[in-house]
>>> print(open('start_35.csv').read())   # CSV, C-alpha atoms and all ligand atoms
chain,number,residue,atom,x,y,z
A,1,MET,CA,57.3,26.6,14.1
A,2,LYS,CA,56.2,25.6,17.5
A,3,ASN,CA,53.6,28.4,17.8
A,4,GLU,CA,52.1,27.7,14.3
A,5,CYS,CA,51.8,24.0,15.1
A,6,ASP,CA,49.7,24.8,18.1
A,7,ILE,CA,47.4,27.0,16.1
A,8,VAL,CA,47.1,24.5,13.2
A,9,LYS,CA,46.4,21.6,15.7
A,10,ASP,CA,43.6,23.7,17.1
A,11,LEU,CA,42.2,24.1,13.6
A,12,LEU,CA,42.6,20.5,12.4
A,13,PHE,CA,39.2,19.3,13.7
A,14,SER,CA,37.4,22.1,12.0
A,15,TYR,CA,39.6,21.5,8.9
A,16,ASN,CA,38.7,17.9,8.8
A,17,ASP,CA,35.0,18.8,9.1
A,18,GLY,CA,35.4,21.2,6.2
A,19,VAL,CA,34.1,24.2,8.1
A,20,LEU,CA,37.1,26.5,8.0
A,21,SER,CA,37.1,29.9,6.3
A,22,SER,CA,39.2,29.9,3.1
A,23,ALA,CA,42.0,32.0,4.8
A,24,SER,CA,42.3,29.5,7.7
A,25,LYS,CA,42.1,26.6,5.3
A,26,GLU,CA,44.9,28.0,3.3
A,27,LEU,CA,47.0,28.5,6.4
A,28,VAL,CA,46.5,24.9,7.5
A,29,GLU,CA,47.2,23.5,4.0
A,30,ASN,CA,50.4,25.5,3.7
A,31,HIS,CA,51.6,24.3,7.1
A,32,LEU,CA,50.7,20.7,6.4
A,33,LYS,CA,53.0,20.7,3.3
A,34,THR,CA,56.0,21.3,5.5
A,35,CYS,CA,55.1,19.8,8.9
A,36,GLU,CA,55.1,16.0,9.2
A,37,ASN,CA,54.0,16.2,12.8
A,38,CYS,CA,50.7,18.0,12.1
A,39,LYS,CA,50.1,15.8,9.0
A,40,ASN,CA,50.2,12.8,11.3
A,41,ALA,CA,47.9,14.5,13.7
A,42,LEU,CA,45.4,15.0,10.9
A,43,GLU,CA,45.6,11.4,9.9
A,44,GLU,CA,44.8,10.4,13.4
A,45,ILE,CA,41.8,12.7,13.5
A,46,LYS,CA,40.6,11.1,10.3
A,47,SER,CA,41.0,7.5,11.5
A,48,GLU,CA,39.3,8.4,14.8
A,49,ASN,CA,36.3,9.8,12.9
A,50,GLU,CA,36.0,6.6,10.8
A,51,LYS,CA,36.0,4.5,13.9
A,52,ARG,CA,33.3,6.7,15.5
A,53,LYS,CA,31.2,6.4,12.4
A,54,ALA,CA,31.5,2.6,12.4
A,55,VAL,CA,30.5,2.5,16.1
A,56,LYS,CA,27.5,4.7,15.3
A,57,GLU,CA,26.3,2.3,12.6
A,58,ILE,CA,26.5,-0.6,15.0
A,59,ASP,CA,24.6,1.5,17.6
A,60,ILE,CA,21.8,2.0,15.1
A,61,PHE,CA,21.7,-1.7,14.4
A,62,LYS,CA,21.5,-2.5,18.1
A,63,TYR,CA,18.8,0.1,18.5
A,64,VAL,CA,16.6,-1.4,15.9
A,65,LYS,CA,17.2,-4.9,17.3
A,66,ARG,CA,16.5,-3.7,20.9
A,67,ASN,CA,13.3,-2.0,19.8
A,68,LEU,CA,11.9,-4.8,17.7
A,69,THR,CA,10.1,-6.0,20.8
A,70,LYS,CA,7.0,-8.2,20.8
A,71,LYS,CA,4.8,-5.1,21.0
A,72,ASN,CA,6.4,-3.6,17.9
A,73,ILE,CA,6.1,-6.9,16.0
A,74,ILE,CA,2.4,-7.0,16.8
A,75,ILE,CA,2.0,-3.4,15.5
A,76,LEU,CA,3.9,-4.3,12.3
A,77,ILE,CA,1.7,-7.3,11.7
A,78,GLY,CA,-1.4,-5.2,12.4
A,79,LEU,CA,-0.2,-2.7,9.8
A,80,ILE,CA,0.4,-5.4,7.2
A,81,VAL,CA,-3.1,-6.9,7.9
A,82,LEU,CA,-4.6,-3.4,7.5
A,83,LEU,CA,-2.8,-2.9,4.2
A,84,LEU,CA,-4.1,-6.3,2.9
A,85,ILE,CA,-7.7,-5.4,4.0
A,86,ILE,CA,-7.4,-2.1,2.1
A,87,MET,CA,-6.1,-3.8,-1.0
A,88,PHE,CA,-8.8,-6.5,-0.8
A,89,ASN,CA,-11.5,-3.8,-0.6
A,90,ILE,CA,-10.1,-1.9,-3.6
A,91,LEU,CA,-10.3,-5.2,-5.6
A,92,VAL,CA,-13.8,-5.8,-4.4
A,93,PHE,CA,-15.1,-2.4,-5.3
A,94,LYS,CA,-13.3,-2.4,-8.6
A,95,ASN,CA,-15.0,-5.6,-9.5
A,96,TYR,CA,-18.4,-4.3,-8.3
A,97,ASN,CA,-18.1,-1.2,-10.4
A,98,GLU,CA,-17.3,-3.4,-13.4
A,99,ILE,CA,-20.2,-5.7,-12.9
A,100,ALA,CA,-22.6,-3.0,-11.8
A,101,SER,CA,-22.2,-1.3,-15.1
A,102,THR,CA,-23.8,-4.2,-16.9
A,103,ALA,CA,-27.4,-5.4,-17.2
A,104,GLU,CA,-29.4,-8.0,-19.1
A,105,ILE,CA,-32.8,-7.1,-20.4
A,106,TYR,CA,-34.8,-10.3,-20.9
A,107,LEU,CA,-37.4,-10.2,-23.7
A,108,LYS,CA,-40.8,-11.8,-24.0
A,109,ASP,CA,-41.1,-14.6,-26.6
A,110,ASP,CA,-43.7,-12.8,-28.5
A,111,ILE,CA,-41.7,-9.6,-28.9
A,112,THR,CA,-41.7,-8.2,-32.4
A,113,GLU,CA,-38.5,-7.2,-34.2
A,114,GLU,CA,-39.7,-3.6,-34.2
A,115,GLN,CA,-40.1,-3.7,-30.4
A,116,VAL,CA,-36.5,-5.0,-30.1
A,117,GLU,CA,-35.3,-2.2,-32.3
A,118,ASN,CA,-37.2,0.4,-30.2
A,119,ILE,CA,-35.7,-0.9,-27.0
A,120,LYS,CA,-32.2,-0.9,-28.5
A,121,ASN,CA,-32.6,2.6,-29.8
A,122,LYS,CA,-33.9,3.9,-26.5
A,123,ILE,CA,-30.8,2.4,-24.7
A,124,ILE,CA,-28.5,3.9,-27.3
A,125,GLU,CA,-30.2,7.3,-26.9
A,126,VAL,CA,-29.6,7.5,-23.1
A,127,SER,CA,-26.3,5.8,-22.8
A,128,GLU,CA,-22.7,6.8,-23.0
A,129,ASN,CA,-19.9,4.4,-24.0
A,130,LEU,CA,-22.3,1.6,-24.6
A,131,GLU,CA,-21.6,-2.0,-25.5
A,132,LEU,CA,-24.8,-3.7,-26.5
A,133,GLU,CA,-25.4,-7.2,-27.6
A,134,TYR,CA,-28.6,-8.9,-28.7
A,135,VAL,CA,-28.6,-12.5,-27.6
A,136,SER,CA,-31.3,-14.5,-29.4
A,137,LYS,CA,-33.0,-17.6,-27.8
A,138,ASP,CA,-30.9,-19.8,-30.0
A,139,LYS,CA,-27.7,-18.1,-29.1
A,140,ALA,CA,-28.6,-18.3,-25.4
A,141,LEU,CA,-29.2,-22.0,-25.7
A,142,GLU,CA,-25.9,-22.5,-27.6
A,143,ARG,CA,-24.0,-20.6,-24.9
A,144,LEU,CA,-25.6,-22.5,-22.1
A,145,LYS,CA,-24.6,-25.8,-23.8
A,146,ASN,CA,-21.0,-24.5,-24.2
A,147,ASN,CA,-20.9,-23.6,-20.5
A,148,PHE,CA,-22.0,-27.1,-19.6
A,149,ASN,CA,-19.0,-28.6,-21.3
A,150,ASP,CA,-18.9,-32.1,-19.8
A,151,ASN,CA,-22.7,-32.3,-19.2
A,152,GLN,CA,-24.0,-31.2,-22.5
A,153,ASN,CA,-26.2,-34.3,-22.7
A,154,LEU,CA,-28.3,-32.7,-19.9
A,155,LEU,CA,-29.5,-30.2,-22.5
A,156,ASP,CA,-29.8,-32.6,-25.4
A,157,GLY,CA,-33.5,-32.6,-25.2
A,158,TYR,CA,-33.7,-28.9,-25.9
A,159,ASN,CA,-33.7,-27.4,-29.4
A,160,SER,CA,-35.0,-24.3,-31.0
A,161,GLN,CA,-38.5,-25.7,-30.9
A,162,ASN,CA,-38.7,-26.1,-27.1
A,163,ASN,CA,-35.9,-23.7,-26.1
A,164,PRO,CA,-36.9,-22.6,-22.5
A,165,LEU,CA,-34.5,-19.6,-22.5
A,166,GLN,CA,-35.3,-16.0,-23.2
A,167,ALA,CA,-33.8,-13.7,-25.7
A,168,SER,CA,-32.0,-10.8,-24.1
A,169,ILE,CA,-30.1,-7.6,-24.7
A,170,ALA,CA,-26.8,-7.4,-22.7
A,171,ILE,CA,-25.4,-4.0,-22.1
A,172,LYS,CA,-22.3,-2.5,-20.5
A,173,THR,CA,-22.1,1.2,-20.1
A,174,ASN,CA,-20.7,4.2,-18.2
A,175,THR,CA,-24.2,5.5,-17.7
A,176,ASN,CA,-25.9,4.8,-14.5
A,177,ILE,CA,-27.8,1.6,-15.1
A,178,GLN,CA,-30.8,2.8,-13.1
A,179,THR,CA,-31.2,5.7,-15.5
A,180,ILE,CA,-31.4,3.2,-18.4
A,181,ILE,CA,-33.9,1.1,-16.5
A,182,ASP,CA,-36.1,4.1,-15.8
A,183,ASN,CA,-36.2,4.9,-19.5
A,184,ILE,CA,-37.0,1.4,-20.8
A,185,GLN,CA,-38.8,-0.5,-18.1
A,186,ASN,CA,-42.3,0.3,-19.4
A,187,MET,CA,-41.6,-0.5,-23.0
A,188,PRO,CA,-43.5,-3.4,-24.6
A,189,GLY,CA,-41.7,-6.7,-25.0
A,190,ILE,CA,-39.6,-6.6,-21.9
A,191,SER,CA,-40.1,-9.5,-19.4
A,192,ASN,CA,-37.6,-8.5,-16.8
A,193,ILE,CA,-34.3,-6.7,-16.3
A,194,LYS,CA,-31.4,-8.2,-14.4
A,195,THR,CA,-28.8,-5.9,-12.8
A,196,HIS,CA,-26.2,-6.2,-10.1
A,197,ILE,CA,-26.6,-2.7,-8.7
A,198,ASN,CA,-28.1,-3.9,-5.4
A,199,CYS,CA,-25.8,-6.9,-5.1
A,200,ASN,CA,-23.4,-7.3,-2.2
A,201,PRO,CA,-19.9,-6.3,-3.5
A,202,TYR,CA,-18.2,-9.0,-1.4
A,203,GLU,CA,-20.5,-11.8,-2.5
A,204,LEU,CA,-20.0,-10.7,-6.1
A,205,PHE,CA,-16.2,-10.8,-5.7
A,206,ILE,CA,-16.1,-14.2,-3.9
A,207,SER,CA,-18.4,-15.8,-6.5
A,208,LYS,CA,-16.1,-14.4,-9.2
A,209,LEU,CA,-13.1,-16.0,-7.4
A,210,MET,CA,-15.0,-19.3,-7.2
A,211,GLN,CA,-15.6,-19.5,-10.9
B,1,ZN,ZN,53.0,21.6,12.6
>>> encode(input="start_35.csv", output="structure tokens")
Amino acid sequence: MKNECDIVKDLLFSYNDGVLSSASKELVENHLKTCENCKNALEEIKSENEKRKAVKEIDIFKYVKRNLTKKNIIILIGLIVLLLIIMFNILVFKNYNEIASTAEIYLKDDITEEQVENIKNKIIEVSENLELEYVSKDKALERLKNNFNDNQNLLDGYNSQNNPLQASIAIKTNTNIQTIIDNIQNMPGISNIKTHINCNPYELFISKLMQ
């Protein structure tokens, strides 16, 4: 058996790595069934391998620790800051798109019901996905009073007779607001149109956060 033992021992490393051809594998396995000596040799190879693996893991840990130098920490912080800036900008422009899709069309006090209807119909005609709300003078005053919560008495002097607010049409749409303005701006009864399309997106976002 001496000769076979030498051959098997040569093959044991490859056997342990699982890279033997099936014929060689069979030879090794048959030999191991009967040879205690070679069986022990295989166990030794296995335990050596385990040890080497463990050392490698420690090496990786050491490598990471060694390379986490000041320079790398600064780069890491830089990347995190960059990521936060990108996320902030995404929020800012999402907010801007939301607000820039709205407009308030303020109406003159002497506007007729027919003129209001004409303006509404024109907006509906040129808009997609439109949300439209007519806010009368009374409703505008009521809302303002609600917004003042604690200081409602500041507005006590105002009623429907001397209401200083204007009626308006509030819209929200997927259509470009400028297109809508172009279509209605010369219609009778409109006093002015308020949009946010030329606002600074950052100012809009910060004022929203302050609310
Ligand atoms: Zn043997």
>>> atom_distance(input="start_35.csv", atom1="atom CA of Ala170 of chain A", atom2="atom CA of Tyr134 of chain A")
6.4 Å
>>> residues_near_ligand(input="start_35.csv", ligand="ligand ZN 1 (chain B)", cutoff="10 Å", atoms="all atoms listed in the file", output="count of residues only")
21
>>> residues_around(input="start_35.csv", residues="Ser160 of chain A", least_positions_apart="2", cutoff="8 Å", atoms="only C-alpha atoms", output="PyMOL selection string")
chain A and resi 137-138+158+162-163
>>> residues_around(input="start_35.csv", residues="Asp109 of chain A", least_positions_apart="5", cutoff="9 Å", atoms="all atoms listed in the file", output="PyMOL selection string")
chain A and resi 137+166-167+189+191
>>> atom_distance(input="start_35.csv", atom1="atom CA of Asp17 of chain A", atom2="atom CA of Lys62 of chain A")
26.8 Å
>>> closest_residue(input="start_35.csv", among="A:Lys65, A:Ser136, A:Ile74, A:Met210", to="Leu107 of chain A", atoms="only C-alpha atoms")
A:Ser136
>>> atom_distance(input="start_35.csv", atom1="atom CA of Phe88 of chain A", atom2="atom CA of Leu209 of chain A")
12.3 Å
>>> residues_around(input="start_35.csv", residues="Asn97 of chain A", least_positions_apart="4", cutoff="9 Å", atoms="all atoms listed in the file", output="ChimeraX atom specification")
/A:92-93,101,197,201
>>> write_last_selection(input="start_35.csv", atoms="C-alpha atoms", output="tab-separated table (two decimals), in the frame of the given file")
chain	number	residue	atom	x	y	z
A	92	VAL	CA	-13.80	-5.80	-4.40
A	93	PHE	CA	-15.10	-2.40	-5.30
A	101	SER	CA	-22.20	-1.30	-15.10
A	197	ILE	CA	-26.60	-2.70	-8.70
A	201	PRO	CA	-19.90	-6.30	-3.50
>>> closest_residue(input="start_35.csv", among="A:Leu155, A:Leu91, A:Val116, A:Ile123", to="Ile206 of chain A", atoms="all atoms listed in the file")
A:Leu91
>>> closest_residue(input="start_35.csv", among="A:Thr112, A:Asn95, A:Asn129, A:Thr69", to="His196 of chain A", atoms="all atoms listed in the file")
A:Asn95
>>> residues_around(input="start_35.csv", residues="segment 117-121 of chain A", least_positions_apart="6", cutoff="9 Å", atoms="all atoms listed in the file", output="list in words")
Leu132, Tyr134, Ile169, Ile184, Met187, Pro188, Gly189 and Ile190 of chain A
>>> closest_residue(input="start_35.csv", among="A:Val55, A:Ala103, A:Ile180, A:Ile85", to="Ile193 of chain A", atoms="only C-alpha atoms")
A:Ala103
>>> closest_residue(input="start_35.csv", among="A:Asn186, A:Asp10, A:Ser22, A:Ser207", to="Gln115 of chain A", atoms="only C-alpha atoms")
A:Asn186
>>> closest_residue(input="start_35.csv", among="A:Thr102, A:Gln161, A:Ser24, A:Asn176", to="Glu128 of chain A", atoms="only C-alpha atoms")
A:Asn176
>>> build_atoms(input="start_35.csv", residues="segment 74-104 of chain A", atoms="N, CA and C atoms", output="CSV table (one decimal), in the coordinates of the input")
chain,number,residue,atom,x,y,z
A,74,ILE,N,3.9,-6.9,16.9
A,74,ILE,CA,2.4,-7.0,16.8
A,74,ILE,C,1.9,-5.8,16.0
A,75,ILE,N,2.4,-4.6,16.3
A,75,ILE,CA,2.0,-3.4,15.5
A,75,ILE,C,2.3,-3.6,14.0
A,76,LEU,N,3.5,-4.1,13.7
A,76,LEU,CA,3.9,-4.3,12.3
A,76,LEU,C,2.9,-5.3,11.6
A,77,ILE,N,2.6,-6.4,12.3
A,77,ILE,CA,1.7,-7.3,11.7
A,77,ILE,C,0.3,-6.7,11.5
A,78,GLY,N,-0.1,-5.9,12.5
A,78,GLY,CA,-1.4,-5.2,12.4
A,78,GLY,C,-1.4,-4.3,11.2
A,79,LEU,N,-0.3,-3.6,10.9
A,79,LEU,CA,-0.2,-2.7,9.8
A,79,LEU,C,-0.3,-3.5,8.5
A,80,ILE,N,0.4,-4.6,8.4
A,80,ILE,CA,0.4,-5.4,7.2
A,80,ILE,C,-1.0,-5.9,6.9
A,81,VAL,N,-1.7,-6.4,8.0
A,81,VAL,CA,-3.1,-6.9,7.9
A,81,VAL,C,-4.0,-5.8,7.4
A,82,LEU,N,-3.8,-4.6,7.9
A,82,LEU,CA,-4.6,-3.4,7.5
A,82,LEU,C,-4.4,-3.1,6.0
A,83,LEU,N,-3.2,-3.2,5.6
A,83,LEU,CA,-2.8,-2.9,4.2
A,83,LEU,C,-3.5,-4.0,3.3
A,84,LEU,N,-3.5,-5.2,3.7
A,84,LEU,CA,-4.1,-6.3,2.9
A,84,LEU,C,-5.6,-6.1,2.9
A,85,ILE,N,-6.2,-5.6,4.0
A,85,ILE,CA,-7.7,-5.4,4.0
A,85,ILE,C,-8.0,-4.3,3.0
A,86,ILE,N,-7.2,-3.2,3.0
A,86,ILE,CA,-7.4,-2.1,2.1
A,86,ILE,C,-7.3,-2.6,0.7
A,87,MET,N,-6.3,-3.3,0.4
A,87,MET,CA,-6.1,-3.8,-1.0
A,87,MET,C,-7.2,-4.7,-1.4
A,88,PHE,N,-7.7,-5.6,-0.5
A,88,PHE,CA,-8.8,-6.5,-0.8
A,88,PHE,C,-10.1,-5.6,-1.1
A,89,ASN,N,-10.3,-4.6,-0.4
A,89,ASN,CA,-11.5,-3.8,-0.6
A,89,ASN,C,-11.4,-3.0,-1.9
A,90,ILE,N,-10.2,-2.6,-2.3
A,90,ILE,CA,-10.1,-1.9,-3.6
A,90,ILE,C,-10.4,-2.9,-4.7
A,91,LEU,N,-10.0,-4.1,-4.6
A,91,LEU,CA,-10.3,-5.2,-5.6
A,91,LEU,C,-11.8,-5.4,-5.7
A,92,VAL,N,-12.4,-5.5,-4.5
A,92,VAL,CA,-13.8,-5.8,-4.4
A,92,VAL,C,-14.6,-4.8,-5.1
A,93,PHE,N,-14.3,-3.5,-4.8
A,93,PHE,CA,-15.1,-2.4,-5.3
A,93,PHE,C,-14.9,-2.1,-6.8
A,94,LYS,N,-13.6,-2.5,-7.2
A,94,LYS,CA,-13.3,-2.4,-8.6
A,94,LYS,C,-14.2,-3.4,-9.4
A,95,ASN,N,-14.2,-4.6,-8.9
A,95,ASN,CA,-15.0,-5.6,-9.5
A,95,ASN,C,-16.5,-5.3,-9.5
A,96,TYR,N,-17.0,-4.7,-8.4
A,96,TYR,CA,-18.4,-4.3,-8.3
A,96,TYR,C,-18.7,-3.3,-9.3
A,97,ASN,N,-17.9,-2.3,-9.4
A,97,ASN,CA,-18.1,-1.2,-10.4
A,97,ASN,C,-18.2,-1.7,-11.8
A,98,GLU,N,-17.3,-2.7,-12.1
A,98,GLU,CA,-17.3,-3.4,-13.4
A,98,GLU,C,-18.6,-4.1,-13.7
A,99,ILE,N,-19.0,-4.9,-12.7
A,99,ILE,CA,-20.2,-5.7,-12.9
A,99,ILE,C,-21.5,-4.8,-12.8
A,100,ALA,N,-21.5,-3.8,-11.9
A,100,ALA,CA,-22.6,-3.0,-11.8
A,100,ALA,C,-22.9,-2.1,-13.0
A,101,SER,N,-21.9,-2.1,-13.9
A,101,SER,CA,-22.2,-1.3,-15.1
A,101,SER,C,-22.8,-2.1,-16.2
A,102,THR,N,-23.2,-3.4,-15.9
A,102,THR,CA,-23.8,-4.2,-16.9
A,102,THR,C,-25.3,-4.5,-16.5
A,103,ALA,N,-26.0,-4.9,-17.5
A,103,ALA,CA,-27.4,-5.4,-17.2
A,103,ALA,C,-27.8,-6.3,-18.4
A,104,GLU,N,-28.8,-7.2,-18.0
A,104,GLU,CA,-29.4,-8.0,-19.1
A,104,GLU,C,-30.9,-7.7,-19.1
